[in-house]
Structure formats: C-alpha cells, structure tokens
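Participant: So here's final-v8.txt (compact mmCIF, C-alpha atoms).
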# COMPACT_ATOMS: atom_id res chain seq x y z
CA MET A 1 105.52 92.19 127.71
CA ASP A 2 101.76 92.74 127.66
CA ARG A 3 99.87 94.77 125.09
CA ASP A 4 99.89 98.03 127.03
CA GLN A 5 103.61 97.79 127.73
CA ARG A 6 104.31 97.10 124.07
CA PHE A 7 102.11 100.02 123.07
CA GLU A 8 103.97 102.32 125.45
CA ALA A 9 107.38 101.13 124.34
CA GLU A 10 106.99 100.74 120.59
CA ILE A 11 104.04 102.84 119.45
CA LEU A 12 103.52 105.83 121.74
CA PRO A 13 107.02 107.27 121.15
CA HIS A 14 105.91 108.06 117.57
CA LEU A 15 103.03 110.28 118.71
CA ARG A 16 104.82 113.59 118.24
CA SER A 17 106.19 112.65 114.85
CA LEU A 18 102.81 111.35 113.60
CA PHE A 19 101.10 114.48 114.82
CA GLY A 20 103.63 116.60 112.90
CA ALA A 21 102.91 114.66 109.71
CA ALA A 22 99.13 114.75 110.24
CA TYR A 23 99.30 118.49 110.85
CA ARG A 24 101.02 118.99 107.52
CA MET A 25 98.64 116.63 105.72
CA THR A 26 95.41 118.12 107.06
CA GLY A 27 96.50 121.72 107.38
CA ASN A 28 95.14 122.28 110.87
CA ALA A 29 95.84 121.16 114.40
CA HIS A 30 92.26 120.19 115.20
CA ASP A 31 91.83 117.68 112.37
CA ALA A 32 95.37 116.44 112.93
CA GLU A 33 94.57 115.75 116.57
CA ASP A 34 91.40 113.78 115.73
CA LEU A 35 93.24 111.85 113.06
CA VAL A 36 96.15 110.95 115.30
CA GLN A 37 93.96 110.02 118.25
CA GLU A 38 91.89 107.62 116.15
CA THR A 39 95.05 106.23 114.54
CA PHE A 40 96.58 105.37 117.90
CA LEU A 41 93.35 103.82 119.15
CA ARG A 42 93.20 101.55 116.13
CA ALA A 43 96.90 100.79 116.51
CA HIS A 44 96.28 99.70 120.09
CA ARG A 45 93.48 97.40 119.01
CA ALA A 46 95.48 95.97 116.13
CA LEU A 47 98.77 95.67 117.98
CA ASP A 48 98.81 91.88 117.51
CA ARG A 49 99.14 92.45 113.78
CA PHE A 50 102.22 94.64 114.16
CA GLU A 51 105.37 92.65 113.46
CA ALA A 52 108.04 93.42 116.02
CA GLY A 53 111.21 94.70 114.39
CA THR A 54 109.45 96.30 111.43
CA ASN A 55 109.04 100.07 111.10
CA ALA A 56 106.36 101.11 113.59
CA ARG A 57 106.11 104.56 112.06
CA ALA A 58 105.35 103.12 108.61
CA TRP A 59 102.73 100.84 110.17
CA LEU A 60 101.13 103.79 111.95
CA HIS A 61 101.04 105.76 108.71
CA THR A 62 99.22 102.91 107.00
CA ILE A 63 96.56 103.08 109.72
CA LEU A 64 96.46 106.87 109.53
CA GLN A 65 95.77 106.77 105.78
CA ARG A 66 92.93 104.31 106.39
CA VAL A 67 91.45 106.58 109.05
CA ARG A 68 91.64 109.47 106.58
CA THR A 69 89.94 107.45 103.85
CA ASP A 70 87.19 106.35 106.24
CA ALA A 71 86.61 109.91 107.41
CA PHE A 72 86.47 111.09 103.81
CA ARG A 73 83.89 108.41 102.91
CA ARG A 74 81.77 109.23 105.96
CA LYS A 75 81.83 112.87 104.99
CA ARG A 76 80.65 112.05 101.47
CA ARG A 77 77.84 109.90 102.80
CA ARG A 78 76.45 112.81 104.81
CA PRO A 79 75.60 115.37 102.18
CA GLU A 80 72.95 117.02 104.35
CA THR A 81 75.48 118.40 106.82
CA VAL A 82 76.92 121.82 106.34
CA GLU A 83 80.67 122.19 106.39
CA LEU A 84 81.50 125.00 108.78
CA THR A 85 85.19 125.24 108.09
CA GLY A 86 86.56 127.03 105.04
CA GLU A 87 87.92 125.23 102.02
CA GLY A 88 91.55 124.82 101.09
CA PRO A 89 94.74 124.12 102.95
CA ALA A 90 94.76 126.92 105.47
CA ILE A 91 97.97 125.75 107.06
CA ARG A 92 99.20 128.07 109.69
CA PRO A 93 102.93 127.58 110.01
CA ALA A 94 104.15 126.50 113.43
CA GLN A 95 105.34 129.46 115.49
CA ASP A 96 108.86 128.03 115.64
CA ALA A 97 108.95 127.87 111.86
CA LEU A 98 108.05 131.54 111.60
CA ALA A 99 110.73 132.44 114.08
CA SER A 100 113.41 130.38 112.40
CA GLY A 101 112.84 131.59 108.85
CA HIS A 102 111.13 128.46 107.54
CA GLU A 103 107.97 130.31 106.69
CA ASP A 104 108.51 130.23 102.92
CA LEU A 105 109.05 126.47 103.02
CA GLU A 106 106.01 125.89 105.24
CA ARG A 107 103.88 127.90 102.85
CA ALA A 108 105.16 126.15 99.77
CA LEU A 109 104.57 122.77 101.41
CA ALA A 110 101.03 123.71 102.40
CA ALA A 111 100.27 124.83 98.86
CA LEU A 112 101.36 121.54 97.23
CA PRO A 113 98.62 119.37 95.74
CA GLU A 114 97.66 116.80 98.35
CA ASN A 115 99.11 113.69 96.66
CA PHE A 116 102.51 115.31 96.26
CA ARG A 117 102.46 116.81 99.73
CA THR A 118 101.65 113.46 101.35
CA ALA A 119 104.47 111.73 99.46
CA VAL A 120 107.00 114.44 100.37
CA VAL A 121 105.90 114.46 104.02
CA LEU A 122 106.22 110.67 104.28
CA ARG A 123 109.64 110.70 102.64
CA ASP A 124 111.37 113.83 103.84
CA LEU A 125 109.76 114.46 107.21
CA GLN A 126 108.88 110.91 108.23
CA GLU A 127 111.83 109.25 106.50
CA LEU A 128 109.94 106.26 105.16
CA SER A 129 111.41 104.19 102.31
CA TYR A 130 109.73 104.17 98.90
CA THR A 131 108.51 100.62 99.56
CA GLU A 132 106.97 101.66 102.88
CA ILE A 133 105.30 104.68 101.30
CA ALA A 134 103.97 102.51 98.47
CA ALA A 135 102.45 100.10 101.01
CA THR A 136 101.06 102.97 103.09
CA LEU A 137 99.35 104.68 100.15
CA GLY A 138 98.50 101.53 98.21
CA VAL A 139 100.27 102.70 95.03
CA PRO A 140 103.22 101.28 93.03
CA VAL A 141 106.78 102.27 93.97
CA GLY A 142 107.16 104.03 90.61
CA THR A 143 104.22 106.29 91.48
CA VAL A 144 105.82 107.11 94.82
CA MET A 145 109.07 108.15 93.10
CA SER A 146 107.16 110.22 90.58
CA ARG A 147 105.09 112.01 93.26
CA ILE A 148 108.14 112.79 95.38
CA HIS A 149 109.92 114.08 92.29
CA ARG A 150 107.00 116.29 91.27
CA GLY A 151 106.45 117.49 94.84
CA ARG A 152 110.08 118.51 95.28
CA ALA A 153 110.17 120.17 91.87
CA LEU A 154 107.11 122.27 92.77
CA LEU A 155 108.63 123.15 96.14
CA ARG A 156 111.86 124.27 94.48
CA GLU A 157 109.92 126.34 91.99
CA ALA A 158 107.86 127.98 94.72
CA LEU A 159 110.93 128.75 96.81
CA ALA A 160 112.88 130.10 93.84
CA GLY A 161 109.91 132.29 92.86
CA ARG A 162 109.75 133.76 96.33
CA THR A 163 113.44 134.57 96.76
CA SER A 164 114.02 136.05 93.29
CA MET B 1 121.73 107.21 79.59
CA SER B 2 119.62 110.23 78.69
CA CYS B 3 118.20 112.62 81.32
CA ASP B 4 115.58 111.06 83.57
CA PRO B 5 114.72 113.54 86.35
CA GLU B 6 112.55 111.04 88.29
CA ARG B 7 115.41 108.57 88.49
CA VAL B 8 117.66 111.36 89.76
CA THR B 9 115.19 111.77 92.62
CA GLY B 10 115.38 108.02 93.30
CA PHE B 11 119.15 108.25 93.16
CA VAL B 12 119.26 111.12 95.68
CA ASP B 13 117.09 109.03 98.00
CA GLY B 14 119.27 105.91 97.58
CA GLU B 15 116.22 104.00 96.34
CA LEU B 16 117.51 102.67 93.00
CA ASP B 17 118.83 99.16 92.42
CA PRO B 18 122.63 98.89 92.07
CA GLN B 19 122.55 98.85 88.28
CA ALA B 20 120.37 101.96 87.99
CA THR B 21 122.41 103.68 90.71
CA ALA B 22 125.59 103.14 88.72
CA ALA B 23 123.94 104.38 85.53
CA VAL B 24 122.65 107.59 87.13
CA ALA B 25 125.99 108.20 88.87
CA ALA B 26 127.76 107.95 85.53
CA HIS B 27 125.21 110.23 83.89
CA LEU B 28 125.63 112.89 86.58
CA GLU B 29 129.37 113.04 85.79
CA THR B 30 128.54 114.32 82.34
CA CYS B 31 125.25 116.23 82.80
CA PRO B 32 125.38 119.56 84.68
CA ALA B 33 121.56 119.94 84.62
CA CYS B 34 120.90 116.63 86.38
CA ARG B 35 123.79 117.31 88.76
CA ALA B 36 122.19 120.64 89.67
CA GLN B 37 118.85 118.89 90.23
CA ALA B 38 120.49 116.35 92.56
CA ASP B 39 122.25 119.09 94.54
CA ALA B 40 119.09 121.18 94.80
CA GLU B 41 117.05 118.18 95.98
CA ARG B 42 119.64 117.31 98.62
CA ALA B 43 119.58 120.88 99.90
CA LEU B 44 115.77 120.90 99.91
CA CYS B 45 115.63 117.58 101.79
CA ALA B 46 118.01 118.94 104.41
CA ARG B 47 115.77 121.97 104.89
CA LEU B 48 112.62 119.82 105.10
CA ARG B 49 114.23 117.58 107.70
CA SER B 50 115.17 120.55 109.81
CA LEU B 51 111.62 121.95 109.84
CA PRO B 52 110.47 122.18 113.44
CA GLY B 53 107.33 120.14 114.10
CA PRO B 54 104.23 121.76 115.57
CA GLU B 55 103.73 121.65 119.30
CA LEU B 56 101.90 118.54 120.47
CA PRO B 57 98.46 119.70 121.70
CA ALA B 58 98.24 119.72 125.47
CA GLY B 59 96.76 116.50 126.75
CA LEU B 60 96.82 114.57 123.47
CA GLU B 61 99.15 111.95 124.89
CA ALA B 62 97.00 111.61 127.99
CA ARG B 63 93.88 111.32 125.85
CA VAL B 64 95.40 108.57 123.72
CA ARG B 65 96.33 106.67 126.87
CA GLU B 66 92.94 107.26 128.45
CA ALA B 67 90.92 106.41 125.36
CA LYS B 68 92.60 103.08 124.81
CA ARG B 69 91.80 102.22 128.39
CA LEU B 70 88.13 103.01 127.80
CA ARG B 71 88.05 100.80 124.73
CA PRO B 72 89.95 97.75 125.95
CA SER B 73 90.68 95.26 123.24
CA VAL B 74 91.84 92.47 125.48
CA VAL B 75 89.18 90.29 127.03
CA PRO B 76 90.28 89.58 130.58
CA GLY B 77 89.88 86.11 132.10
CA PRO B 78 86.68 85.28 134.03
CA ALA B 79 88.38 85.40 137.41
CA ARG B 80 89.38 88.99 136.76
CA TRP B 81 85.97 90.27 135.75
CA ALA B 82 83.33 88.08 137.43
CA LEU B 83 83.35 89.79 140.81
CA PRO B 84 83.74 93.38 139.61
CA LEU B 85 81.07 92.71 137.00
CA ALA B 86 78.59 91.45 139.60
CA ALA B 87 79.31 94.49 141.78
CA ALA B 88 79.00 96.83 138.80
CA LEU B 89 75.66 95.27 137.83
CA LEU B 90 74.27 95.80 141.32
CA VAL B 91 75.49 99.39 141.43
CA GLY B 92 74.26 99.83 137.86
CA VAL B 93 70.75 98.63 138.63
CA TRP B 94 70.62 100.96 141.60
CA LEU B 95 72.12 103.89 139.65
CA ARG B 96 69.76 103.45 136.69
CA GLY B 97 66.88 104.61 138.79
CA TYR B 98 68.78 107.19 140.85
CA ALA B 99 67.43 110.56 139.69
CA PRO B 100 70.62 112.66 140.18
CA PHE B 101 72.52 110.07 138.15
CA VAL B 102 69.91 110.16 135.38
CA ALA B 103 70.07 113.98 135.40
CA TRP B 104 73.84 113.85 135.12
CA ASP B 105 73.62 111.24 132.38
CA LEU B 106 71.20 113.33 130.30
CA ALA B 107 73.35 116.46 130.78
CA ARG B 108 76.41 114.47 129.71
CA ASP B 109 74.68 113.33 126.53
CA HIS B 110 73.34 116.83 125.85
CA ASP B 111 76.86 118.29 126.12
CA LYS B 112 78.35 115.50 124.06
CA CYS B 113 75.88 115.82 121.19
CA PHE B 114 75.97 119.61 121.00
CA SER B 115 79.76 119.74 121.17
CA ARG B 116 79.95 117.65 118.00
CA ARG B 117 80.23 119.33 114.59
CA PRO B 118 78.06 118.46 112.82
CA LEU B 119 75.38 117.59 115.30
CA PRO B 120 75.01 113.78 115.22
CA ALA B 121 71.27 113.80 114.44
CA LYS B 122 69.89 110.82 112.52
CA VAL B 123 66.79 112.63 111.40
CA TRP B 124 67.10 116.27 110.39
CA SER B 125 63.88 118.22 110.41
CA GLY B 126 62.21 121.23 111.94
CA GLU B 127 58.80 119.61 111.54
CA PRO B 128 57.49 117.67 114.53
CA PRO B 129 55.49 115.14 112.43
CA VAL B 130 58.62 114.17 110.47
CA VAL B 131 60.52 113.53 113.69
CA ALA B 132 57.58 111.64 115.20
CA ASP B 133 57.28 109.48 112.07
CA TRP B 134 60.96 108.67 112.19
CA PHE B 135 60.65 107.45 115.77
CA ARG B 136 57.44 105.58 115.00
CA ALA B 137 59.20 103.73 112.17
CA SER B 138 61.64 102.36 114.72
CA GLY B 139 58.93 101.44 117.20
CA THR B 140 58.81 104.42 119.56
CA ARG B 141 55.72 106.57 119.99
CA LEU B 142 56.61 110.09 120.99
CA PRO B 143 54.33 112.92 122.08
CA THR B 144 53.77 115.60 119.46
CA LEU B 145 56.54 118.00 120.33
CA PRO B 146 56.46 121.71 119.54
CA ALA B 147 58.34 123.02 116.47
CA GLN B 148 59.52 126.04 118.40
CA VAL B 149 59.75 127.21 122.01
CA GLY B 150 60.92 130.80 122.44
CA GLU B 151 64.04 131.27 120.34
CA LEU B 152 64.71 127.56 120.07
CA THR B 153 63.59 125.59 117.04
CA LEU B 154 63.44 121.88 116.40
CA VAL B 155 66.52 120.67 114.55
CA GLY B 156 66.47 116.88 114.55
CA ALA B 157 66.73 113.81 116.69
CA ARG B 158 68.26 110.41 117.24
CA TYR B 159 68.48 107.60 119.77
CA CYS B 160 71.31 108.20 122.22
CA PRO B 161 73.06 105.54 124.27
CA LEU B 162 72.99 106.47 127.94
CA ALA B 163 75.49 105.44 130.58
CA SER B 164 72.75 103.29 132.09
CA LEU B 165 73.02 101.16 128.92
CA ALA B 166 69.56 102.25 127.79
CA SER B 167 68.91 103.90 124.47
CA ALA B 168 66.84 107.07 124.78
CA PRO B 169 65.02 109.12 122.12
CA HIS B 170 66.85 112.46 122.10
CA VAL B 171 65.28 115.47 120.35
CA TYR B 172 67.44 118.51 119.56
CA TYR B 173 66.39 122.15 119.74
CA ALA B 174 68.78 125.00 119.01
CA SER B 175 68.96 128.75 118.67
CA ALA B 176 72.00 130.75 117.62
CA ALA B 177 73.16 130.91 121.21
CA SER B 178 71.91 127.88 123.09
CA HIS B 179 70.51 124.37 122.95
CA VAL B 180 67.83 122.33 124.61
CA SER B 181 67.47 118.55 124.58
CA VAL B 182 64.28 116.62 125.20
CA PHE B 183 64.76 112.99 126.20
CA VAL B 184 62.29 110.20 126.75
CA VAL B 185 63.92 108.23 129.55
CA PRO B 186 63.30 104.53 128.96
CA GLN B 187 63.92 103.26 132.46
CA GLY B 188 62.09 103.82 135.74
CA VAL B 189 63.52 106.63 137.84
CA ARG B 190 63.00 107.23 141.54
CA PHE B 191 61.69 110.76 142.07
CA GLU B 192 58.44 112.56 142.82
CA ASP B 193 56.54 113.86 139.80
CA ARG B 194 58.99 116.64 139.09
CA LEU B 195 62.69 117.11 139.67
CA ALA B 196 64.65 120.27 138.92
CA SER B 197 68.40 120.01 139.26
CA ARG B 198 71.70 121.08 137.82
CA ALA B 199 74.30 118.78 136.36
CA ARG B 200 77.57 119.63 134.63
CA GLY B 201 76.52 123.28 134.55
CA ASP B 202 73.28 122.48 132.68
CA HIS B 203 69.73 122.85 133.96
CA VAL B 204 67.82 119.59 134.04
CA ARG B 205 64.15 118.82 134.56
CA LEU B 206 62.71 115.35 134.98
CA LEU B 207 58.93 115.13 134.60
CA ARG B 208 56.76 112.11 135.18
CA LEU B 209 53.32 111.69 133.72
CA GLU B 210 51.42 108.43 133.95
CA GLY B 211 54.61 106.51 134.48
CA ARG B 212 56.49 108.07 131.58
CA VAL B 213 59.64 110.04 132.30
CA VAL B 214 60.73 112.95 130.13
CA GLY B 215 64.01 114.81 130.61
CA ILE B 216 64.73 118.39 129.54
CA VAL B 217 68.30 119.70 129.49
CA GLY B 218 69.55 123.15 128.53
CA GLU B 219 72.18 125.72 129.35
CA GLN B 220 69.69 128.51 130.17
CA GLU B 221 67.32 128.07 133.06
CA HIS B 222 64.52 130.22 131.60
CA GLU B 223 64.60 128.19 128.39
CA VAL B 224 64.36 124.92 130.25
CA ARG B 225 61.49 126.35 132.24
CA ALA B 226 59.74 127.47 129.03
CA PHE B 227 60.09 123.94 127.66
CA GLU B 228 58.63 122.50 130.82
CA THR B 229 55.62 124.79 130.46
CA ALA B 230 55.24 123.99 126.77
CA LEU B 231 55.57 120.25 127.26
CA ARG B 232 53.26 119.73 130.22
CA PRO B 233 49.97 119.85 128.27
CA VAL B 234 51.53 117.84 125.46
CA LEU B 235 52.67 115.16 127.88
CA ALA B 236 49.34 115.10 129.63
CA ALA B 237 47.57 114.47 126.33
CA TRP B 238 50.12 111.86 125.37
CA ALA B 239 49.89 110.06 128.69
CA SER B 240 46.09 109.92 128.67
CA ARG B 241 46.04 108.14 125.30
Taking this structure as input, can you express it in the form of structure tokens?

Facilitator:
Amino acid sequence: MDRDQRFEAEILPHLRSLFGAAYRMTGNAHDAEDLVQETFLRAHRALDRFEAGTNARAWLHTILQRVRTDAFRRKRRRPETVELTGEGPAIRPAQDALASGHEDLERALAALPENFRTAVVLRDLQELSYTEIAATLGVPVGTVMSRIHRGRALLREALAGRTS
Amino acid sequence: MSCDPERVTGFVDGELDPQATAAVAAHLETCPACRAQADAERALCARLRSLPGPELPAGLEARVREAKRLRPSVVPGPARWALPLAAALLVGVWLRGYAPFVAWDLARDHDKCFSRRPLPAKVWSGEPPVVADWFRASGTRLPTLPAQVGELTLVGARYCPLASLASAPHVYYASAASHVSVFVVPQGVRFEDRLASRARGDHVRLLRLEGRVVGIVGEQEHEVRAFETALRPVLAAWASR
C-alpha cells in the first residue's frame, strides 16, 4: 500500500470526527477548519511515523495539539496585528443540537475553561484513553483524570443550574 | 477507603488498575454520595457521546486531498520526474515572460494576500521612506512610492513568491472598501511599454520604463488607473537614475 492509499484508508476516515472535536475546542467552524486542514497535511507528511495498528485518532490529536500550539506562538510573535474576531468562546451550537434539545449541554461545554473542555472532548467525544490523552497533551495521567473530573463536575453543575 | 471523587471518575472510565478498581467498587457499596457521582457521570457521558457533531464544511475533504497533492512529501524516482521536469522548465521559461501569465500571477498573489487576515505584510508602515528602507536593507532599490492615491493609503509590503519562481517586492495599499498592489516584476516580460488587462476579476497594468517592469493590480479600474497616473512620473525619475 503506498502512502496515499494508507492515508485514504487509515487517516482520512477520521476527518469528520476530528473536525467535530476541533470545532468544540476552538469555538468556531472557521478556525476548526484551518486547524483540521493543517493537521491532516502534517499527518500526510509524517505518515511514516504512524505505527500501524495504533490509534490513528489519538495520533491525529497529538498533531492537532501541536498545530494549535504553533498557531498560538505565531500569534504571540505578531503583536502588531490587530485581532478582528471577538474574544471568548463564542460557540454556536450545531443546528442539529438545537433541534434535538442538546443546547444546554452545548452551551455548558463551550463555557468550560479550555483545559477542562479539551480533556472532556478527548475523552467523552473522541473516546481516547487516559494514556492517549496524556501523550496528546503532554501531561501526566493523573492530571488528565483530574481535568476530566473537574470538567464533568462543572458541566453537571451548569446543567443542574439551568434545569432547576 | 475514604471518598476520592477523582478516582470515582477514573473508575467510571475503567481507567484504574485492578486494585484501585476493587477498592472504589467496595467504597461505592457503602457511600451514597460517590455512588450518585458515578451515576451522574455515566449519564453525562452518555449525553456527551450522543451529541451530534457539526456538519463538515463543504469541500474540506476535497481540500485536504488537494492540498496534500500540492505538497507532496514523497520524492519520486528520477525516471518519473526527469522528462516532465524538462518539459515544465521549458514551458516555465516561456511562461515567465508571457505577459498574460504574469498579469494572472500578480492578480493571484494580490487576491491571496488580501484574502488573508491579518494581511501578511513583513513591514507595516504608511510612510514610503520606511518601506523603501526596508527593501533597501534586503538589497532592493524601489522608487519612492506615494503614501496615498485617492482613497487608498500605503499599508505595508513584503516579498511575494510568484508562480514563476521569482520573488517580487509587493507593496500594499488599502482603503475601507478596496485594495491595490504594486509589484516590481523581477523577470523580463514580453509586452510593449504598457499592458492593460484583466485577470481573475482584477484590473492589471504592466508598465515598462527603462527595462524595469512594474505591475499594478486592483479590484476597481479607476483606482488602478489613478495609480498608473501617479506612478508614471515616479517611475520615470527612478528609471533615469
């Protein structure tokens, strides 16, 4: 199987799922699209380093976090540019979510502090193991457990506050 | 074991080692608060998993496929690239000097730069001497460009890579509604002393003075024309130096 065939078979099927995660991490479709496009480009270039049989989605998330970090550093190095977009996680819930009554959950998720949100997204939406999340984020497994715990606790609080 | 809410989370996720799993399981038998936490987390996880994902933007998949093709990471063997490369070089040499191609190339770069947020300028200034100094520091002498033409003011500049593999000084002008680019084209181009054309919906002028080629690109024809008028004397003075 050549590189392109491998990419098609093992990597590209995760596009939709990665985009979903990136959308929740960045809070908007435009940034999510840029992030995912760059992630897949790098994945294509680095495909030789992907071990067949391991979790491709976890590998892609590791790349995605690196792309995010790089973008963040570039942004900091360019203080003379003016940020045109507003601050804060202006997540607009997906239309389906509004229709199906998930709006409260979408809102609560969007309002989580970034570290907790990323951990919860990687665990509960992307179904990565603690070890995979730890490798992806470059933090100890104990920190992963703690962030997921805190993230879920905040989500439960937010949801309880809304329904009562 | 006393209450340890974080470990309950690990337990719910099946991420604890066997010993810790057994300990938490035993604790849950006797602790209603931790049991309630475990149940609530399971319910929350189920809801999170059932969240519908956002629609994939139209064309993203195609763009990922296309982009990886444009940035190939595999170096093909000599037999596969020697002949196409030779042909491409010949066509390239011919295209480099083909005025409609150069016009298209400048319009492409104009559109690309002005579609980026922020604008990818390397020097940001509304003052022509600052921009000229920046270019001089990297070995390019530019004519003294105007700070403003009509509504458009100088914003900044950079070197832009062109499709002809040359790197061209690219100066940005912008108003609230439109943009104009001034390029110094580094290669020879085959045209009479002036060429007015349209490319990619933009208006393009190529001017030649004493062997130097300057390109002007903009969305509005009257603005491009105004730049041509403003630049002519400047270019004449520059060329006679």

Participant: Name the closest residue to chain B among the candidates A:Arg6, A:His30, A:Arg117, A:Arg45; distances are taken between atoms, counting all atoms listed in the file.

Facilitator: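 Smallest separation from chain B among the options: A:Arg45.
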
Participant: Using only C-alpha atoms and a distance of at most 6 Å, pull out the residues of chain A that contact chain B, as a list in words.

Facilitator: Gly20, Gln37, Leu41, Arg45, Ala94, Leu125, Ser146 and His149 of chain A

Participant: If I take atom CA of Thr39 of chain A and atom CA of Ala21 of chain A, how far is one from the other in Å, to one decimal?

Facilitator: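 Those two atoms sit 12.5 Å apart.
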
Participant: So how many Å separate atom CA of Asp4 of chain A and atom CA of His44 of chain A, to one decimal?

Facilitator: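 The value is 8.0 Å.
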
Participant: Which distance in Å separates atom CA of Arg136 of chain B and atom CA of Ala174 of chain B, to one decimal?

Facilitator: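 Computing the Euclidean distance for atom CA of Arg136 of chain B and atom CA of Ala174 of chain B yields 22.8 Å.
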
Participant: List the spatial neighbours of Glu151 of chain B as a PyMOL selection string - criterion: any atom at most 10 Å away, all atoms listed in the file, same-chain residues fewer than 4 positions off excluded.

Facilitator: chain B and resi 173-179+223

Participant: Which of these, B:Val204, B:Ala132, B:Ala33, B:Leu90, has the shortest distance to Leu145 of chain B once you count only C-alpha atoms?

Facilitator: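 The closest residue to Leu145 of chain B is B:Ala132.
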
Participant: Could you work out an axis-aligned bounding box for all listed atoms of segment 145-155 of chain B, with 3 Å added on each of the six sides, and give its centre and edge lengths in Å to one decimal, as JSON?

Facilitator:
{"center_x": 61.5, "center_y": 124.6, "center_z": 118.5, "size_x": 16.1, "size_y": 19.3, "size_z": 13.9}

Participant: Find the spatial neighbours of Ala108 of chain A, counting only C-alpha atoms, within a cut-off of 9 Å - ignore same-chain residues fewer than 3 positions away - and output them as a PDB file with C-alpha atoms, keeping the file's coordinate frame.

Facilitator:
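The file below, out11.pdb, is the result:
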ATOM      1  CA  GLU A 103     107.970 130.310 106.690  1.00  0.00           C
ATOM      2  CA  ASP A 104     108.510 130.230 102.920  1.00  0.00           C
ATOM      3  CA  LEU A 105     109.050 126.470 103.020  1.00  0.00           C
ATOM      4  CA  ALA A 111     100.270 124.830  98.860  1.00  0.00           C
ATOM      5  CA  LEU A 112     101.360 121.540  97.230  1.00  0.00           C
ATOM      6  CA  LEU A 154     107.110 122.270  92.770  1.00  0.00           C
ATOM      7  CA  LEU A 155     108.630 123.150  96.140  1.00  0.00           C
ATOM      8  CA  ARG A 156     111.860 124.270  94.480  1.00  0.00           C
ATOM      9  CA  ALA A 158     107.860 127.980  94.720  1.00  0.00           C
ATOM     10  CA  LEU A 159     110.930 128.750  96.810  1.00  0.00           C
TER      11      LEU A 159
END

Participant: Around (72.6, 108.0, 131.8) in the file's frame, which residues reach within 6 Å when counting only C-alpha atoms? Return as a PyMOL selection string?

Facilitator: chain B and resi 102+105-106+162-164

Participant: May I ask which of the residues B:Ala25, B:Ala58, B:Ala36, B:Trp81 is the closest one to Ala29 of chain A, counting only C-alpha atoms?

Facilitator: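 Comparing B:Ala25, B:Ala58, B:Ala36, B:Trp81 against Ala29 of chain A, the winner is B:Ala58.
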
Participant: Please return, as a ChimeraX atom specification, all polymer residues that have at least one atom within 12 Å of the point (106.7, 102.7, 112.8); use all atoms listed in the file and the file's own coordinate frame.

Facilitator: /A:7,9-15,17-18,40,43,47,50-64,122,126-129,132-133,136

Participant: Compile the contact shell of Leu209 of chain B as a list in words: residues with an atom at most 12 Å away, counting only C-alpha atoms, same-chain residues fewer than 6 positions apart removed.

Facilitator: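 Near Leu209 of chain B, the qualifying residues are Pro143, Val184, Val185, Gly188, Phe191, Glu192, Asp193, Arg194, Gly215, Leu231, Arg232, Pro233, Val234, Leu235, Ala236, Ala237, Trp238, Ala239, Ser240 and Arg241 of chain B.
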
Participant: Could you check which of B:Val24, B:Leu195, B:Val189, B:Ala166 is closest to Gly211 of chain B, using all atoms listed in the file?

Facilitator: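 Checking each candidate against Gly211 of chain B, we get B:Val189 as the closest.
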
Participant: Starting from the incomplete input, reconstruct N, CA and C atoms of segment 200-219 of chain B and write that as a JSON list (two decimals), in the coordinates of the input.

Facilitator:
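Result went into part_8.json, see below:
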[["chain", "number", "residue", "atom", "x", "y", "z"],
["B", 200, "ARG", "N", 76.53, 119.21, 135.57],
["B", 200, "ARG", "CA", 77.57, 119.63, 134.63],
["B", 200, "ARG", "C", 77.34, 121.05, 134.14],
["B", 201, "GLY", "N", 76.74, 121.89, 134.97],
["B", 201, "GLY", "CA", 76.52, 123.28, 134.55],
["B", 201, "GLY", "C", 75.24, 123.47, 133.76],
["B", 202, "ASP", "N", 74.55, 122.37, 133.42],
["B", 202, "ASP", "CA", 73.28, 122.48, 132.68],
["B", 202, "ASP", "C", 72.11, 122.45, 133.66],
["B", 203, "HIS", "N", 70.96, 122.95, 133.18],
["B", 203, "HIS", "CA", 69.73, 122.85, 133.96],
["B", 203, "HIS", "C", 68.95, 121.65, 133.47],
["B", 204, "VAL", "N", 68.51, 120.84, 134.41],
["B", 204, "VAL", "CA", 67.82, 119.59, 134.04],
["B", 204, "VAL", "C", 66.47, 119.53, 134.73],
["B", 205, "ARG", "N", 65.46, 119.11, 133.97],
["B", 205, "ARG", "CA", 64.15, 118.82, 134.56],
["B", 205, "ARG", "C", 63.80, 117.39, 134.24],
["B", 206, "LEU", "N", 63.30, 116.67, 135.24],
["B", 206, "LEU", "CA", 62.71, 115.35, 134.98],
["B", 206, "LEU", "C", 61.23, 115.47, 135.31],
["B", 207, "LEU", "N", 60.38, 115.05, 134.39],
["B", 207, "LEU", "CA", 58.93, 115.13, 134.60],
["B", 207, "LEU", "C", 58.36, 113.73, 134.46],
["B", 208, "ARG", "N", 57.40, 113.41, 135.32],
["B", 208, "ARG", "CA", 56.76, 112.11, 135.18],
["B", 208, "ARG", "C", 55.27, 112.31, 134.97],
["B", 209, "LEU", "N", 54.76, 111.65, 133.95],
["B", 209, "LEU", "CA", 53.32, 111.69, 133.72],
["B", 209, "LEU", "C", 52.86, 110.30, 133.39],
["B", 210, "GLU", "N", 51.97, 109.77, 134.18],
["B", 210, "GLU", "CA", 51.42, 108.43, 133.95],
["B", 210, "GLU", "C", 52.53, 107.42, 133.74],
["B", 211, "GLY", "N", 53.55, 107.52, 134.55],
["B", 211, "GLY", "CA", 54.61, 106.51, 134.48],
["B", 211, "GLY", "C", 55.66, 106.78, 133.41],
["B", 212, "ARG", "N", 55.45, 107.79, 132.58],
["B", 212, "ARG", "CA", 56.49, 108.07, 131.58],
["B", 212, "ARG", "C", 57.39, 109.19, 132.07],
["B", 213, "VAL", "N", 58.69, 109.04, 131.81],
["B", 213, "VAL", "CA", 59.64, 110.04, 132.30],
["B", 213, "VAL", "C", 60.23, 110.79, 131.11],
["B", 214, "VAL", "N", 60.15, 112.11, 131.18],
["B", 214, "VAL", "CA", 60.73, 112.95, 130.13],
["B", 214, "VAL", "C", 61.78, 113.84, 130.77],
["B", 215, "GLY", "N", 62.94, 113.96, 130.10],
["B", 215, "GLY", "CA", 64.01, 114.81, 130.61],
["B", 215, "GLY", "C", 64.20, 116.01, 129.71],
["B", 216, "ILE", "N", 64.43, 117.18, 130.32],
["B", 216, "ILE", "CA", 64.73, 118.39, 129.54],
["B", 216, "ILE", "C", 66.08, 118.92, 130.03],
["B", 217, "VAL", "N", 66.98, 119.19, 129.10],
["B", 217, "VAL", "CA", 68.30, 119.70, 129.49],
["B", 217, "VAL", "C", 68.61, 120.93, 128.65],
["B", 218, "GLY", "N", 69.15, 121.96, 129.29],
["B", 218, "GLY", "CA", 69.55, 123.15, 128.53],
["B", 218, "GLY", "C", 70.54, 123.97, 129.33],
["B", 219, "GLU", "N", 71.18, 124.91, 128.65],
["B", 219, "GLU", "CA", 72.18, 125.72, 129.35],
["B", 219, "GLU", "C", 71.51, 126.88, 130.10]]
